[in-house]
$ cat structure-v3.txt   # compact mmCIF, C-alpha atoms
# COMPACT_ATOMS: atom_id res chain seq x y z
CA MET A 1 8.27 19.18 10.65
CA CYS A 2 7.61 15.95 8.69
CA GLN A 3 4.05 14.72 8.67
CA PHE A 4 2.92 11.17 8.07
CA ILE A 5 -0.29 9.26 7.45
CA GLU A 6 -1.62 5.88 8.45
CA THR A 7 -4.65 4.29 6.81
CA LEU A 8 -6.55 1.55 8.60
CA ARG A 9 -9.53 -0.53 7.58
CA ILE A 10 -12.52 -0.90 9.87
CA GLU A 11 -15.00 -3.62 8.99
CA LYS A 12 -17.70 -5.29 11.08
CA GLU A 13 -16.68 -3.10 14.03
CA ARG A 14 -13.13 -4.48 13.92
CA ILE A 15 -9.85 -2.70 13.11
CA VAL A 16 -8.05 -4.92 10.59
CA ASN A 17 -4.34 -5.56 11.28
CA LEU A 18 -4.28 -3.04 14.13
CA GLU A 19 -0.99 -4.27 15.62
CA ALA A 20 0.85 -3.99 12.28
CA HIS A 21 -0.31 -0.39 11.85
CA ASN A 22 0.50 0.46 15.46
CA GLN A 23 4.00 -0.97 15.03
CA ARG A 24 4.69 0.89 11.77
CA MET A 25 3.43 4.19 13.18
CA ASN A 26 5.55 3.87 16.34
CA GLU A 27 8.65 2.89 14.34
CA THR A 28 8.17 6.04 12.21
CA ILE A 29 7.74 8.22 15.32
CA ARG A 30 10.81 6.66 16.95
CA THR A 31 12.89 7.28 13.80
CA PHE A 32 11.92 10.93 13.30
CA PHE A 33 11.02 11.99 16.85
CA PRO A 34 13.12 9.87 19.26
CA GLN A 35 11.92 11.77 22.33
CA ALA A 36 8.20 11.32 21.56
CA SER A 37 5.96 9.00 23.54
CA LYS A 38 4.69 5.72 22.13
CA VAL A 39 1.18 5.81 20.66
CA ASP A 40 -1.52 3.19 21.18
CA LEU A 41 -3.91 3.52 18.24
CA LYS A 42 -6.58 1.45 19.97
CA LYS A 43 -7.08 4.29 22.47
CA HIS A 44 -7.65 6.84 19.68
CA ILE A 45 -9.81 5.03 17.11
CA VAL A 46 -13.56 5.13 17.62
CA LEU A 47 -15.35 1.96 16.53
CA GLN A 48 -18.61 3.49 15.42
CA LYS A 49 -21.32 1.38 13.84
CA HIS A 50 -19.88 1.64 10.36
CA ILE A 51 -22.27 0.19 7.80
CA ALA A 52 -19.73 -0.33 5.02
CA ARG A 53 -16.00 -0.92 4.92
CA THR A 54 -14.53 2.20 6.49
CA LYS A 55 -11.26 4.00 5.89
CA CYS A 56 -9.72 5.43 9.04
CA HIS A 57 -7.22 8.11 8.00
CA ILE A 58 -4.69 9.31 10.59
CA GLU A 59 -2.29 12.24 10.23
CA TYR A 60 0.56 12.55 12.69
CA ASN A 61 4.07 13.78 13.44
CA ASN A 62 5.36 13.25 16.99
CA THR A 63 1.72 12.93 18.05
CA ILE A 64 -1.65 12.29 16.38
CA LEU A 65 -2.89 15.43 14.61
CA SER A 66 -6.20 14.22 13.19
CA ILE A 67 -8.34 11.14 12.64
CA SER A 68 -11.12 10.94 10.06
CA TYR A 69 -13.48 8.19 8.92
CA GLN A 70 -15.21 7.65 5.60
CA PRO A 71 -16.86 4.78 3.71
CA TYR A 72 -14.34 3.07 1.44
CA TYR A 73 -15.03 2.20 -2.18
CA PRO A 74 -12.05 0.58 -3.91
CA ARG A 75 -10.57 2.32 -6.92
CA GLN A 76 -10.95 -0.21 -9.75
CA VAL A 77 -7.57 -1.11 -11.24
CA HIS A 78 -7.49 -3.23 -14.41
CA SER A 79 -4.60 -1.59 -16.29
CA LEU A 80 -1.24 -0.12 -15.31
CA GLN A 81 1.27 2.09 -17.07
CA LEU A 82 4.94 1.32 -16.40
CA THR A 83 6.53 4.53 -15.13
CA GLU A 84 10.24 4.92 -14.40
CA CYS A 85 11.51 7.02 -11.51
CA ASP A 86 14.87 6.27 -9.88
CA THR A 87 14.75 9.19 -7.43
CA ILE A 88 11.49 8.40 -5.63
CA ASN A 89 11.73 7.65 -1.89
CA TYR A 90 8.58 6.61 -0.07
CA SER A 91 10.06 4.29 2.55
CA TYR A 92 7.87 5.99 5.17
CA LYS A 93 4.20 6.82 4.70
CA TYR A 94 4.70 10.56 4.22
CA LYS A 95 1.73 12.90 4.00
CA ASP A 96 3.50 14.64 1.11
CA ARG A 97 2.67 12.48 -1.89
CA SER A 98 3.38 15.15 -4.50
CA LEU A 99 5.90 13.09 -6.52
CA LEU A 100 3.59 10.07 -6.48
CA GLN A 101 0.75 12.31 -7.67
CA LEU A 102 2.94 13.79 -10.42
CA LEU A 103 3.79 10.28 -11.66
CA TYR A 104 0.15 9.18 -11.38
CA ASN A 105 -0.93 12.12 -13.52
CA GLN A 106 1.21 10.75 -16.38
CA ARG A 107 -0.79 7.53 -16.66
CA ARG A 108 -2.81 8.57 -19.76
CA SER A 109 -5.76 6.15 -20.17
CA ASP A 110 -4.62 3.50 -17.67
CA ASP A 111 -6.15 3.09 -14.22
CA ASP A 112 -2.88 3.54 -12.32
CA ILE A 113 0.89 3.44 -12.69
CA LEU A 114 3.39 0.72 -11.85
CA ILE A 115 6.62 2.37 -10.76
CA VAL A 116 9.97 1.04 -11.95
CA LYS A 117 12.94 2.10 -9.81
CA ASN A 118 16.53 1.21 -10.72
CA GLY A 119 15.28 -1.32 -13.26
CA PHE A 120 12.92 -3.20 -10.93
CA ILE A 121 9.15 -3.23 -10.41
CA THR A 122 8.05 -1.62 -7.13
CA ASP A 123 4.48 -0.44 -6.37
CA THR A 124 1.48 1.31 -7.88
CA SER A 125 0.69 4.83 -6.69
CA ILE A 126 -1.39 3.47 -3.78
CA ALA A 127 -0.56 -0.20 -3.31
CA ASN A 128 2.02 -2.95 -3.20
CA ILE A 129 1.54 -5.66 -5.81
CA ALA A 130 1.83 -9.42 -6.14
CA VAL A 131 2.14 -11.46 -9.34
CA TYR A 132 1.14 -15.09 -9.90
CA ASP A 133 2.99 -17.61 -12.07
CA GLY A 134 0.36 -20.36 -11.87
CA ILE A 135 1.84 -21.89 -8.72
CA GLN A 136 3.17 -19.15 -6.44
CA TRP A 137 2.44 -15.49 -5.69
CA TYR A 138 5.46 -13.14 -5.62
CA THR A 139 5.81 -9.55 -4.46
CA PRO A 140 8.64 -7.20 -5.52
CA ALA A 141 11.63 -7.52 -3.18
CA HIS A 142 12.20 -3.74 -3.13
CA PRO A 143 8.84 -1.97 -2.78
CA LEU A 144 8.61 1.78 -2.27
CA LEU A 145 6.72 1.15 0.97
CA ARG A 146 6.72 -2.04 2.99
CA GLY A 147 2.97 -2.19 3.52
CA THR A 148 1.33 -3.82 6.52
CA GLN A 149 -0.82 -6.19 4.43
CA ARG A 150 2.24 -7.18 2.35
CA ALA A 151 4.17 -7.92 5.56
CA ILE A 152 1.40 -10.17 6.86
CA LEU A 153 1.16 -12.09 3.56
CA LEU A 154 4.94 -12.63 3.62
CA GLN A 155 4.83 -13.73 7.25
CA ARG A 156 2.13 -16.29 6.45
CA GLY A 157 4.02 -17.59 3.40
CA ILE A 158 1.21 -16.63 1.03
CA VAL A 159 3.59 -14.51 -1.08
CA LYS A 160 7.37 -14.62 -1.54
CA GLU A 161 9.76 -11.77 -2.34
CA LYS A 162 11.40 -11.64 -5.76
CA ASP A 163 13.25 -9.10 -7.90
CA ILE A 164 11.09 -8.52 -10.97
CA THR A 165 12.11 -6.51 -14.03
CA PRO A 166 9.52 -4.98 -16.39
CA GLN A 167 10.40 -7.64 -18.99
CA GLU A 168 9.94 -10.49 -16.48
CA LEU A 169 6.52 -9.17 -15.51
CA PHE A 170 5.03 -10.71 -18.64
CA ASN A 171 6.15 -14.20 -17.54
CA PHE A 172 3.42 -14.06 -14.88
CA GLN A 173 -0.28 -14.81 -15.39
CA LYS A 174 -1.97 -12.24 -13.20
CA LEU A 175 -1.36 -9.31 -10.87
CA CYS A 176 -3.17 -8.17 -7.74
CA THR A 177 -2.84 -4.98 -5.76
CA ILE A 178 -2.20 -5.22 -2.02
CA ASN A 179 -3.03 -2.57 0.56
CA SER A 180 -4.60 -2.32 3.99
CA MET A 181 -8.05 -1.61 2.56
CA LEU A 182 -8.27 -4.70 0.34
CA ASP A 183 -8.52 -8.44 0.88
CA PHE A 184 -5.80 -10.41 -0.87
CA GLU A 185 -6.80 -11.20 -4.50
CA GLU A 186 -9.77 -8.83 -4.23
CA MET A 187 -8.37 -6.56 -6.96
CA GLU A 188 -6.63 -8.62 -9.64
CA PHE A 189 -6.38 -8.87 -13.43
CA LYS A 190 -4.63 -10.90 -16.13
CA ILE A 191 -1.24 -9.64 -17.26
CA SER A 192 -1.04 -8.80 -20.98
CA ASN A 193 0.19 -6.06 -23.33
CA GLN A 194 -3.27 -4.52 -23.04
CA THR A 195 -3.34 -4.37 -19.24
CA ILE A 196 0.28 -3.34 -18.63
CA ARG A 197 1.92 -0.86 -20.99
$ encode --input "structure-v3.txt" --output "structure tokens"
Amino acid sequence: MCQFIETLRIEKERIVNLEAHNQRMNETIRTFFPQASKVDLKKHIVLQKHIARTKCHIEYNNTILSISYQPYYPRQVHSLQLTECDTINYSYKYKDRSLLQLLYNQRRSDDDILIVKNGFITDTSIANIAVYDGIQWYTPAHPLLRGTQRAILLQRGIVKEKDITPQELFNFQKLCTINSMLDFEEMEFKISNQTIR
């Protein structure tokens, strides 16, 4: 039976983007387990007095299997290695991340990888990305996973979708990683031959 994960951010006793996570989780359950009941994450997550930013990690299939909480410290990302893989499929947030881990392990001295699929930039091993041209932020039109934070930024018009090839990447000034645990522009760096290889 397929297993999936959902990762939510808790900060200042508030679940960030709860509805987006609830919607994605229920869409996944409906797709793979059509007879399963709808889940309301709010009834399952305990809002303890978390001192720091907290990562709420949920594992589930047709029902919630486990929920864990731990303080979150962002992985610093200041360099990416371009890594090609046309066979990867991570359109749902699967618990099995073995191919992503295999690709990540090939990164040599860089902080993370930037996956190229069918000639276009997609995501890092753990995040969507956005790139800035001096006027507008863009996010790849075909990410591996349509993240909740990415969806909200698109909805608000803060980022726009765009097909981006590895060569076109260097036309942009800077790159930031986007995931549910980070604020937009919290983790960003200038694009150069030293930061993206």
$ atom_distance --input "structure-v3.txt" --atom1 "atom CA of A:Ile121" --atom2 "atom CA of A:Asn179"
16.4 Å
$ closest_residue --input "structure-v3.txt" --among "A:Ala141, A:Leu18, A:Ile67, A:Leu8" --to "A:Thr54" --atoms "all atoms listed in the file"
A:Leu8
$ atom_distance --input "structure-v3.txt" --atom1 "atom CA of A:Lys162" --atom2 "atom CA of A:Ala127"
16.7 Å
$ atom_distance --input "structure-v3.txt" --atom1 "atom CA of A:Ile196" --atom2 "atom CA of A:Gln81"
5.7 Å
$ closest_residue --input "structure-v3.txt" --among "A:Tyr132, A:Pro143, A:Ser79, A:Tyr90" --to "A:Ser192" --atoms "all atoms listed in the file"
A:Ser79
